[in-house]
Amino acid sequence: MNREVLFDIAKTWFSGKGWTPHTFQLKTWTAFLQGKHGLLNAPTGSGKTYALWMPVVLDYIKKNPEYKTRHVPGLKAIWVTPLRALSVEIKQAAERVADDLQTGLTVGIRTGDTSATEKNRQKTKMPDLLVTTPESLHLMLATKGYEAVFKDCTAFIVDEWHELLGSKRGVQIELALSRLKTVAPKLRIWGISATIGNLEQAMEVLLGPESEAFQNKELVKAHIEKKIKVISIIPDKMDSYPWRGHMGLHLIDEVAKIIKNSRTTLIFTNVRSQCEIWFQALLEKYPEFAGEMAMHHGSISRETRQWVEQAIRDEQLKAVICTSSLDLGVDFAPVETVIQIGGPKSVARFLQRAGRSGHRPGQESVIYFLATHAIELVEASALKRAVKETVVEDRIPYLNSWDVLVQYLVTLAVSDGFYPSAIYKEVKSTFCYQAMTESQWVWILNFITKGSQSLEAYDEYKKVEIEEDGRFKVNSRSVALRHRMQMGTIVGDAVMSVKFMSGGYIGSIEESFVSKLYPGDVFVFAGRKLELYRTKNMEVLVRKANPSAKAQHASWMGSRMTLSAQMGELIRTELYAANNEKASPELRALKPVFKQQQKESVVPAADEFLIETFKTREGHHILFYPFEGRFVHEALASLIAYRISLLTPITFSLAYNDYGFELLSDKQIAIAELLDNNLFTPEYLHEDLQKSLNATEIARRKFRDIAVIAGLVFAGYPGRIIKTKHLQSGSQLIFEVFRDYEPDNLLLQQAYRETFEHQLEEGRLIMALERIQNQQVVWKQCEKPTPFSFPIITDRLRERLSTETLTERIKKMTASYMKSN
Amino acid sequence: MILEIEINNHEFVLHNSGALYWKGQEMLLVSDVHLGKISHFRKHGSALPTQPIFKNFSKLDKLVDHFAPQKICFLGDLFHSSMNREWLLFEQWRNRTALPIVLVAGNHDIVDRKKYEELHIPVVNEWLLDGFLLTHFPEEREGLYTISGHIHPSIVLAGEGRQFLKLPCFFQSPFQIILPAFGEFTGTFAMELRQGDTAYVLTKEEVIAISK
């Protein structure tokens, strides 16, 4: 069958639905049928699913002209999705094509939700098309005889590749593909990605650098212009606008107005506690919303979340307060309006959220931006420009993730075993491990077989064994079982399930929050007031609390988001624009604030770097404004504090937010002298950082995930009790043992590397320092805190009072003892 | 390296390894060594470093050299879990240490008592000696002063510039003293210091007394 005939089949099917194929769909079909690999750049809701399901089916038809009467069994295509909640819709789309064209092709799902019965059925008879997740895919590689299952597979499609790319789940995909390319030589690899800054690289990572697939590739862009309208919620009178960051509740009436005027509204908050607080506040002030308003975040039970999602689709809800838990996922046609509360920190996230509304073709997406404090309005103005100029961020792929490699090799050893020489070539062909040296490879092999780099007398280390013919294999059933239970790269916080005494699972909250509560205490979670009855094992038993009881909101440690480099630059540019006349409505609204800032200090121009000093009851403040985001500021604050402390003995307290950072001390500092001392030089950055920062502390946190992924810690699954007698140990202790006895351990070194590359963003730090060096330092000695400084010096206070680490710290402070004498 | 203290007119020496030496009895007291813990983890596929296994024994050897005691008492949790080959190293150590040794059993001591008896180490649940109660689990008993372990005590020190230090310690209250965990890879539990308590924190160089 030639392509024309095949395309006619497809086009007829499309017109039967009243559609015509988009150009990007035709392009993808053509490229796929030509045997090419590639990346499709298309947004959600554009028809991307059919762009790739269709050619998979057409390819089957082409190869089996008698397809209507003769079914060829065996797995033909794998569709990987990052969210198992999406799998049903993807399956339905595939089934529609397969059934309407009478192909007899079956579609199956294999995710963490798949029942054991279904898995067994798949074992004897694989569906033709399989929808799965990265984790379940690896579990299939951990199954005996997997090669036979995959051998005739012709298509491997990764949906939402941009989501996976910058995570260790992306590395899992790279590794799985390195294996499948050998096992299934006819495999065609395709990714689907939303627009990101590094699309070309995204394709290279997926296909493998210098791979055959990469030689025969195509990048298809959908070019779908989605109209997005950004509206800032600006109150009539700016003087009511708080200077410092808060929940944004001062604009609750405006939000209620928007909800009332729209069919369905999604209200995005940045963190779960903010989500809970907004839900409660809206209900209290507008009781008429009860029953028409819901909440959705990652700690609420899956049943409830699924119910909410369905209710949105069925148009039963006026408003849903949510977090990033609804960033991705199924299309909600009835959503007309989106509200973003607080800065979204990244352009891509903002666009994604905006795109949740107005799904009808030609319809405009409307997103309202609610700045929680005055300066955040600059972000609104910056985002508007970002939308106009389609600025987007890169997703940075991981390199040399030894933890994932260790897990993968044990996975292969658990199923059929592997021969290192063959697997080395495959692993080395991936983007992640392209720079791996042979000695690093040998180190990893020793690690999984001997548990060390030398053979020890009396040692009973047991994991992977080397058989006589050189095959690496796990023979212990308990090792295999434990490995299968612990596979995956998403390491959650230690959470406890919240249940009613009468039964009924509500969701999960972090252990650290529960540990502060006593029986009888009341807290708000999942929109309900709950009274703690008792905690037992990993369960928190609660009952409904008296509605008038005083309650605290559940809080989560969860890492706070940081400004992306692009957002930082946008904000800086926007701010510099405040000095000239052609300002946006947001900047005009901010005029009183800027006037105040100008009076107390200055609004810096593009070539200026502002430093402010002033004295309050707290002490002497020095404020710096690089606008580079929280993480970079965390590092910069320690770096500068360290460099100052080299000149004079001093103690600082550090604070930072997305705009700048503060050094606070009880002594006055001679700023002029400091500036002469090359304070911002990028030279010796790495050394100074290592000495200044508590790099070890951050590495310790990073190591936790690495230890779990590499199988050093027996974490188990939440809610599942595994017999691990005498095997419990915190990753902290393990970290210390490695630090003290095996400092050259690759996994330990990886923790430090991730600290510098992913947490402290050393690369961005260098660029920031270089930029600052080329700016004119403007030092303003102010009388009192300026509008710019306010969010920083108060954000610090809020953080201390609200996040658990700091409360813990304060608790420790009050119970602390100084060395006597 | 050491700090000498007096309890009920008996002289004791605190060693920064976490061991306690009772001068009058010429007895070395050591708690929570958790031998076999690393091997136990390794046996179950967790590739922890092996060096700390040997560190435990060399630390014990050094103590015996230093104090030249007449007897040794382990205050429980000597062997972490079920039998593994680290026991062979323990046997070797026992054979080169020609002293009476007693084990006061702890919750982790699940290895068959006969195995200890083969090594001439009697296992008891507690030991009353000269007005002192030697036990694994801390408790206060009328008319006795308790020496125990089990808790792995540590305290948290706060310094300038939001610096914190968590250090293992001997934890002494009016009627008892709790020994720190001696073993490598054991972890600690942070205690709260009250009026009348003293924590003797261990550093690499010394033992420092801290009280409220």
# chains A, B, ... in the order shown; residues from 1 in each chain; ligands from 1
>>> interface_residues(of="chain B", to="chain A", cutoff="7 Å", atoms="only C-alpha atoms", output="PDB file with C-alpha atoms, in the first residue's frame")
ATOM      1  CA  SER B  39      27.301  -6.389  57.633  1.00  0.00           C
ATOM      2  CA  PHE B  41      22.863  -3.947  55.817  1.00  0.00           C
ATOM      3  CA  ARG B  42      25.361  -5.234  53.283  1.00  0.00           C
ATOM      4  CA  LYS B  43      23.905  -8.713  53.448  1.00  0.00           C
ATOM      5  CA  HIS B  44      20.622  -7.146  52.408  1.00  0.00           C
ATOM      6  CA  GLY B  45      22.135  -5.344  49.461  1.00  0.00           C
ATOM      7  CA  SER B  46      22.937  -1.914  50.880  1.00  0.00           C
ATOM      8  CA  ALA B  47      26.530  -1.218  49.868  1.00  0.00           C
ATOM      9  CA  PRO B  49      31.560   1.097  53.393  1.00  0.00           C
ATOM     10  CA  GLN B  51      36.023   0.193  56.974  1.00  0.00           C
ATOM     11  CA  SER B  81      20.898  -8.281  64.660  1.00  0.00           C
ATOM     12  CA  ARG B  85      30.118 -13.184  59.633  1.00  0.00           C
ATOM     13  CA  GLU B  86      31.133 -10.141  61.605  1.00  0.00           C
ATOM     14  CA  VAL B 156      22.471  20.260  70.122  1.00  0.00           C
ATOM     15  CA  LEU B 157      24.659  23.290  70.631  1.00  0.00           C
ATOM     16  CA  ALA B 158      23.828  26.655  69.153  1.00  0.00           C
ATOM     17  CA  GLY B 159      26.545  29.038  68.115  1.00  0.00           C
ATOM     18  CA  GLU B 160      26.694  32.438  66.521  1.00  0.00           C
ATOM     19  CA  GLY B 161      25.489  32.976  62.987  1.00  0.00           C
ATOM     20  CA  PHE B 185      27.144   3.939  62.079  1.00  0.00           C
ATOM     21  CA  GLY B 187      23.230   7.630  65.015  1.00  0.00           C
ATOM     22  CA  ILE B 210      27.998  21.278  79.557  1.00  0.00           C
ATOM     23  CA  LYS B 212      22.467  24.602  82.208  1.00  0.00           C
TER      24      LYS B 212
END
>>> residues_around(residues="Arg471 of chain A", least_positions_apart="2", cutoff="6 Å", atoms="only C-alpha atoms", output="compact mmCIF listing (two decimals) with C-alpha atoms, in the first residue's frame")
# COMPACT_ATOMS: atom_id res chain seq x y z
CA PHE A 418 23.29 -8.88 31.45
CA TYR A 419 26.76 -8.99 29.97
CA ILE A 466 28.65 -12.74 38.40
CA GLU A 467 27.97 -16.13 36.91
CA ASP A 469 29.96 -17.23 31.80
>>> select_by_dssp(residues="chain B", states="helix (DSSP H, G or I)", output="mmCIF file with C-alpha atoms, in the first residue's frame")
data_model
loop_
_atom_site.group_PDB
_atom_site.id
_atom_site.type_symbol
_atom_site.label_atom_id
_atom_site.label_comp_id
_atom_site.auth_asym_id
_atom_site.auth_seq_id
_atom_site.Cartn_x
_atom_site.Cartn_y
_atom_site.Cartn_z
ATOM 1 C CA LYS B 37 25.065 -3.685 61.762
ATOM 2 C CA ILE B 38 26.960 -2.746 58.636
ATOM 3 C CA SER B 39 27.301 -6.389 57.633
ATOM 4 C CA HIS B 40 23.578 -6.806 58.209
ATOM 5 C CA PHE B 41 22.863 -3.947 55.817
ATOM 6 C CA ARG B 42 25.361 -5.234 53.283
ATOM 7 C CA LYS B 43 23.905 -8.713 53.448
ATOM 8 C CA GLN B 51 36.023 0.193 56.974
ATOM 9 C CA PRO B 52 33.881 1.153 59.982
ATOM 10 C CA ILE B 53 33.484 -2.572 60.757
ATOM 11 C CA PHE B 54 37.185 -2.768 61.584
ATOM 12 C CA LYS B 55 37.172 0.616 63.269
ATOM 13 C CA ASN B 56 34.953 -0.751 66.067
ATOM 14 C CA PHE B 57 37.493 -3.421 66.983
ATOM 15 C CA SER B 58 40.537 -1.183 66.727
ATOM 16 C CA LYS B 59 38.804 1.337 68.983
ATOM 17 C CA LEU B 60 38.167 -1.412 71.553
ATOM 18 C CA ASP B 61 41.814 -2.538 71.348
ATOM 19 C CA LYS B 62 43.051 0.991 71.959
ATOM 20 C CA LEU B 63 40.821 1.333 75.020
ATOM 21 C CA VAL B 64 42.093 -1.889 76.514
ATOM 22 C CA ASP B 65 45.653 -0.670 75.957
ATOM 23 C CA HIS B 66 44.894 2.705 77.463
ATOM 24 C CA PHE B 67 43.074 1.689 80.638
ATOM 25 C CA GLU B 86 31.133 -10.141 61.605
ATOM 26 C CA TRP B 87 30.769 -12.538 64.532
ATOM 27 C CA LEU B 88 34.018 -14.154 63.388
ATOM 28 C CA LEU B 89 35.795 -10.837 63.803
ATOM 29 C CA PHE B 90 34.227 -10.521 67.227
ATOM 30 C CA GLU B 91 35.513 -14.008 68.120
ATOM 31 C CA GLN B 92 39.016 -13.012 67.058
ATOM 32 C CA TRP B 93 38.802 -9.893 69.168
ATOM 33 C CA ARG B 94 37.512 -11.929 72.155
ATOM 34 C CA ASN B 95 40.377 -14.379 71.826
ATOM 35 C CA ARG B 96 43.014 -11.695 71.933
ATOM 36 C CA ARG B 113 23.150 -16.611 74.482
ATOM 37 C CA LYS B 114 24.964 -19.902 74.027
ATOM 38 C CA LYS B 115 27.134 -18.277 71.388
ATOM 39 C CA TYR B 116 28.316 -15.763 73.994
ATOM 40 C CA GLU B 117 28.800 -18.455 76.591
ATOM 41 C CA GLU B 118 31.038 -20.324 74.148
#
>>> atom_distance(atom1="atom CA of Thr269 of chain A", atom2="atom CA of Cys322 of chain A")
6.2 Å
>>> select_by_dssp(residues="segment 121-318 of chain A", states="strand (DSSP E)", output="PyMOL selection string")
chain A and resi 129-132+155-158+188-193+217-221+228-232+264-268+293-296
>>> atom_distance(atom1="atom CA of Ala319 of chain A", atom2="atom CA of Glu288 of chain A")
12.0 Å
>>> atom_distance(atom1="atom CA of Val57 of chain A", atom2="atom CA of Ala155 of chain A")
10.3 Å
>>> residues_around(residues="segment 216-230 of chain A", least_positions_apart="5", cutoff="9 Å", atoms="only C-alpha atoms", output="ChimeraX atom specification")
/A:22-25,27-28,31,35-43,46,48,199-200,203,207,211,351,354-355,362-369,380,383-384,387-388
>>> write_last_selection(atoms="N, CA and C atoms", output="CSV table (one decimal), in the first residue's frame")
chain,number,residue,atom,x,y,z
A,22,HIS,N,-4.3,18.7,10.4
A,22,HIS,CA,-3.4,19.8,10.4
A,22,HIS,C,-2.2,19.5,9.6
A,23,THR,N,-1.5,20.5,9.2
A,23,THR,CA,-0.3,20.3,8.4
A,23,THR,C,0.7,19.5,9.3
A,24,PHE,N,0.8,19.9,10.6
A,24,PHE,CA,1.8,19.2,11.4
A,24,PHE,C,1.5,17.7,11.6
A,25,GLN,N,0.2,17.4,11.5
A,25,GLN,CA,-0.2,16.0,11.6
A,25,GLN,C,0.3,15.3,10.4
A,27,LYS,N,2.6,16.1,8.4
A,27,LYS,CA,4.1,16.0,8.4
A,27,LYS,C,4.6,14.9,9.2
A,28,THR,N,4.0,14.8,10.4
A,28,THR,CA,4.4,13.7,11.3
A,28,THR,C,4.1,12.3,10.8
A,31,ALA,N,6.7,11.6,8.1
A,31,ALA,CA,8.0,11.3,8.6
A,31,ALA,C,8.0,9.9,9.3
A,35,GLY,N,10.0,6.1,8.1
A,35,GLY,CA,10.9,5.4,9.0
A,35,GLY,C,11.8,6.4,9.8
A,36,LYS,N,11.4,7.6,9.9
A,36,LYS,CA,12.2,8.6,10.6
A,36,LYS,C,11.8,8.6,12.1
A,37,HIS,N,12.8,9.1,12.9
A,37,HIS,CA,12.5,9.4,14.3
A,37,HIS,C,12.4,10.9,14.5
A,38,GLY,N,11.9,11.3,15.6
A,38,GLY,CA,11.9,12.7,15.8
A,38,GLY,C,11.2,13.3,17.0
A,39,LEU,N,10.9,14.6,16.9
A,39,LEU,CA,10.2,15.3,18.0
A,39,LEU,C,9.1,16.1,17.4
A,40,LEU,N,8.0,16.0,18.0
A,40,LEU,CA,6.8,16.8,17.6
A,40,LEU,C,6.6,17.9,18.7
A,41,ASN,N,6.7,19.1,18.2
A,41,ASN,CA,6.5,20.3,19.2
A,41,ASN,C,5.1,20.8,19.0
A,42,ALA,N,4.2,20.4,19.9
A,42,ALA,CA,2.8,20.7,19.8
A,42,ALA,C,2.3,20.9,21.2
A,43,PRO,N,1.4,21.8,21.4
A,43,PRO,CA,0.8,22.0,22.7
A,43,PRO,C,-0.4,21.0,23.0
A,46,SER,N,-4.0,20.1,20.8
A,46,SER,CA,-3.9,20.5,19.4
A,46,SER,C,-4.1,19.3,18.5
A,48,LYS,N,-2.2,16.4,19.0
A,48,LYS,CA,-0.9,15.7,18.9
A,48,LYS,C,-1.1,14.2,19.1
A,199,LEU,N,14.7,22.8,22.3
A,199,LEU,CA,14.0,21.7,21.6
A,199,LEU,C,14.9,20.8,20.9
A,200,GLU,N,16.0,21.4,20.2
A,200,GLU,CA,16.9,20.6,19.5
A,200,GLU,C,17.6,19.6,20.4
A,203,MET,N,15.5,16.7,21.6
A,203,MET,CA,15.5,15.7,20.6
A,203,MET,C,16.8,14.8,20.7
A,207,LEU,N,16.8,10.8,21.3
A,207,LEU,CA,17.3,9.8,20.3
A,207,LEU,C,18.7,9.3,20.6
A,211,SER,N,23.6,8.8,17.5
A,211,SER,CA,22.9,7.6,17.2
A,211,SER,C,22.4,7.5,15.8
A,351,LEU,N,2.5,29.9,31.0
A,351,LEU,CA,1.8,29.6,29.7
A,351,LEU,C,1.0,28.3,29.8
A,354,ALA,N,-2.0,29.1,31.7
A,354,ALA,CA,-3.0,29.9,30.9
A,354,ALA,C,-3.7,29.0,29.9
A,355,GLY,N,-2.9,28.1,29.3
A,355,GLY,CA,-3.5,27.2,28.3
A,355,GLY,C,-4.6,26.2,28.8
A,362,GLY,N,-9.7,28.4,18.2
A,362,GLY,CA,-9.9,29.8,18.0
A,362,GLY,C,-10.3,30.6,19.2
A,363,GLN,N,-10.5,29.9,20.3
A,363,GLN,CA,-10.9,30.6,21.5
A,363,GLN,C,-9.6,31.1,22.2
A,364,GLU,N,-9.8,32.3,22.9
A,364,GLU,CA,-8.6,32.9,23.5
A,364,GLU,C,-8.5,32.3,24.9
A,365,SER,N,-7.3,32.1,25.4
A,365,SER,CA,-7.1,31.7,26.8
A,365,SER,C,-7.0,33.0,27.6
A,366,VAL,N,-7.7,33.0,28.7
A,366,VAL,CA,-7.6,34.2,29.6
A,366,VAL,C,-7.0,33.8,30.9
A,367,ILE,N,-6.0,34.5,31.3
A,367,ILE,CA,-5.4,34.3,32.6
A,367,ILE,C,-5.3,35.6,33.4
A,368,TYR,N,-5.8,35.6,34.6
A,368,TYR,CA,-5.7,36.7,35.5
A,368,TYR,C,-4.5,36.5,36.4
A,369,PHE,N,-3.7,37.6,36.6
A,369,PHE,CA,-2.6,37.5,37.4
A,369,PHE,C,-2.8,38.3,38.7
A,380,ALA,N,4.0,40.6,36.7
A,380,ALA,CA,2.9,40.6,35.8
A,380,ALA,C,3.2,41.2,34.5
A,383,LEU,N,5.6,39.2,32.5
A,383,LEU,CA,5.0,38.0,31.9
A,383,LEU,C,4.2,38.4,30.6
A,384,LYS,N,3.5,39.5,30.7
A,384,LYS,CA,2.8,39.9,29.5
A,384,LYS,C,3.7,40.0,28.3
A,387,VAL,N,4.8,36.6,27.0
A,387,VAL,CA,3.8,36.0,26.2
A,387,VAL,C,3.8,36.5,24.8
A,388,LYS,N,4.0,37.8,24.7
A,388,LYS,CA,4.1,38.4,23.4
A,388,LYS,C,5.3,38.0,22.6
>>> residues_around(residues="Asp394 of chain A", least_positions_apart="5", cutoff="7 Å", atoms="only C-alpha atoms", output="list in words")
Ile196, Gly197 and Asn198 of chain A
>>> write_last_selection(atoms="N, CA and C atoms", output="PDB file, in the first residue's frame")
ATOM      1  N   ILE A 196       9.859  24.531  24.504  1.00  0.00           N
ATOM      2  CA  ILE A 196      10.874  24.852  25.505  1.00  0.00           C
ATOM      3  C   ILE A 196      12.043  25.493  24.774  1.00  0.00           C
ATOM      4  N   GLY A 197      12.976  26.061  25.521  1.00  0.00           N
ATOM      5  CA  GLY A 197      14.067  26.789  24.885  1.00  0.00           C
ATOM      6  C   GLY A 197      15.017  25.898  24.113  1.00  0.00           C
ATOM      7  N   ASN A 198      15.179  24.652  24.576  1.00  0.00           N
ATOM      8  CA  ASN A 198      16.174  23.770  23.972  1.00  0.00           C
ATOM      9  C   ASN A 198      15.540  22.547  23.290  1.00  0.00           C
TER      10      ASN A 198
END
>>> residues_around(residues="Gln566 of chain A", least_positions_apart="6", cutoff="8 Å", atoms="only C-alpha atoms", output="ChimeraX atom specification")
/A:346-347,391-393
>>> write_last_selection(atoms="N, CA and C atoms", output="JSON list (two decimals), in the first residue's frame")
[["chain", "number", "residue", "atom", "x", "y", "z"],
["A", 346, "SER", "N", 8.12, 30.97, 36.41],
["A", 346, "SER", "CA", 8.66, 30.54, 35.12],
["A", 346, "SER", "C", 7.63, 30.84, 34.04],
["A", 347, "VAL", "N", 8.12, 31.27, 32.89],
["A", 347, "VAL", "CA", 7.24, 31.62, 31.79],
["A", 347, "VAL", "C", 6.49, 30.37, 31.31],
["A", 391, "VAL", "N", 8.95, 33.99, 25.02],
["A", 391, "VAL", "CA", 10.19, 33.61, 25.70],
["A", 391, "VAL", "C", 9.91, 32.33, 26.46],
["A", 392, "VAL", "N", 10.75, 31.34, 26.35],
["A", 392, "VAL", "CA", 10.56, 30.13, 27.15],
["A", 392, "VAL", "C", 11.88, 29.63, 27.71],
["A", 393, "GLU", "N", 11.79, 28.85, 28.76],
["A", 393, "GLU", "CA", 12.98, 28.36, 29.43],
["A", 393, "GLU", "C", 13.49, 27.06, 28.81]]
>>> residues_around(residues="Glu135 of chain A", least_positions_apart="5", cutoff="9 Å", atoms="only C-alpha atoms", output="list in words")
Thr111, Gly112, Met140, Arg169, Gln172, Met487, Gly488 and Thr489 of chain A
>>> write_last_selection(atoms="N, CA and C atoms", output="PDB file, in the first residue's frame")
ATOM      1  N   THR A 111       0.267   0.734  34.213  1.00  0.00           N
ATOM      2  CA  THR A 111       0.785   1.752  35.130  1.00  0.00           C
ATOM      3  C   THR A 111       0.713   1.186  36.541  1.00  0.00           C
ATOM      4  N   GLY A 112       1.056   2.002  37.506  1.00  0.00           N
ATOM      5  CA  GLY A 112       0.980   1.575  38.895  1.00  0.00           C
ATOM      6  C   GLY A 112      -0.439   1.214  39.313  1.00  0.00           C
ATOM      7  N   MET A 140       8.825  -3.504  33.573  1.00  0.00           N
ATOM      8  CA  MET A 140       8.736  -4.530  32.534  1.00  0.00           C
ATOM      9  C   MET A 140      10.126  -5.045  32.178  1.00  0.00           C
ATOM     10  N   ARG A 169      13.541  10.976  35.726  1.00  0.00           N
ATOM     11  CA  ARG A 169      12.638  10.111  34.956  1.00  0.00           C
ATOM     12  C   ARG A 169      13.035  10.162  33.481  1.00  0.00           C
ATOM     13  N   GLN A 172      15.672   7.727  33.009  1.00  0.00           N
ATOM     14  CA  GLN A 172      15.080   6.385  32.913  1.00  0.00           C
ATOM     15  C   GLN A 172      14.663   6.076  31.477  1.00  0.00           C
ATOM     16  N   MET A 487      11.839   0.424  42.954  1.00  0.00           N
ATOM     17  CA  MET A 487      12.227   1.064  41.701  1.00  0.00           C
ATOM     18  C   MET A 487      11.514   2.395  41.520  1.00  0.00           C
ATOM     19  N   GLY A 488      12.137   3.271  40.754  1.00  0.00           N
ATOM     20  CA  GLY A 488      11.568   4.585  40.500  1.00  0.00           C
ATOM     21  C   GLY A 488      12.549   5.659  40.925  1.00  0.00           C
ATOM     22  N   THR A 489      12.296   6.871  40.456  1.00  0.00           N
ATOM     23  CA  THR A 489      13.220   7.957  40.781  1.00  0.00           C
ATOM     24  C   THR A 489      12.514   9.109  41.479  1.00  0.00           C
TER      25      THR A 489
END
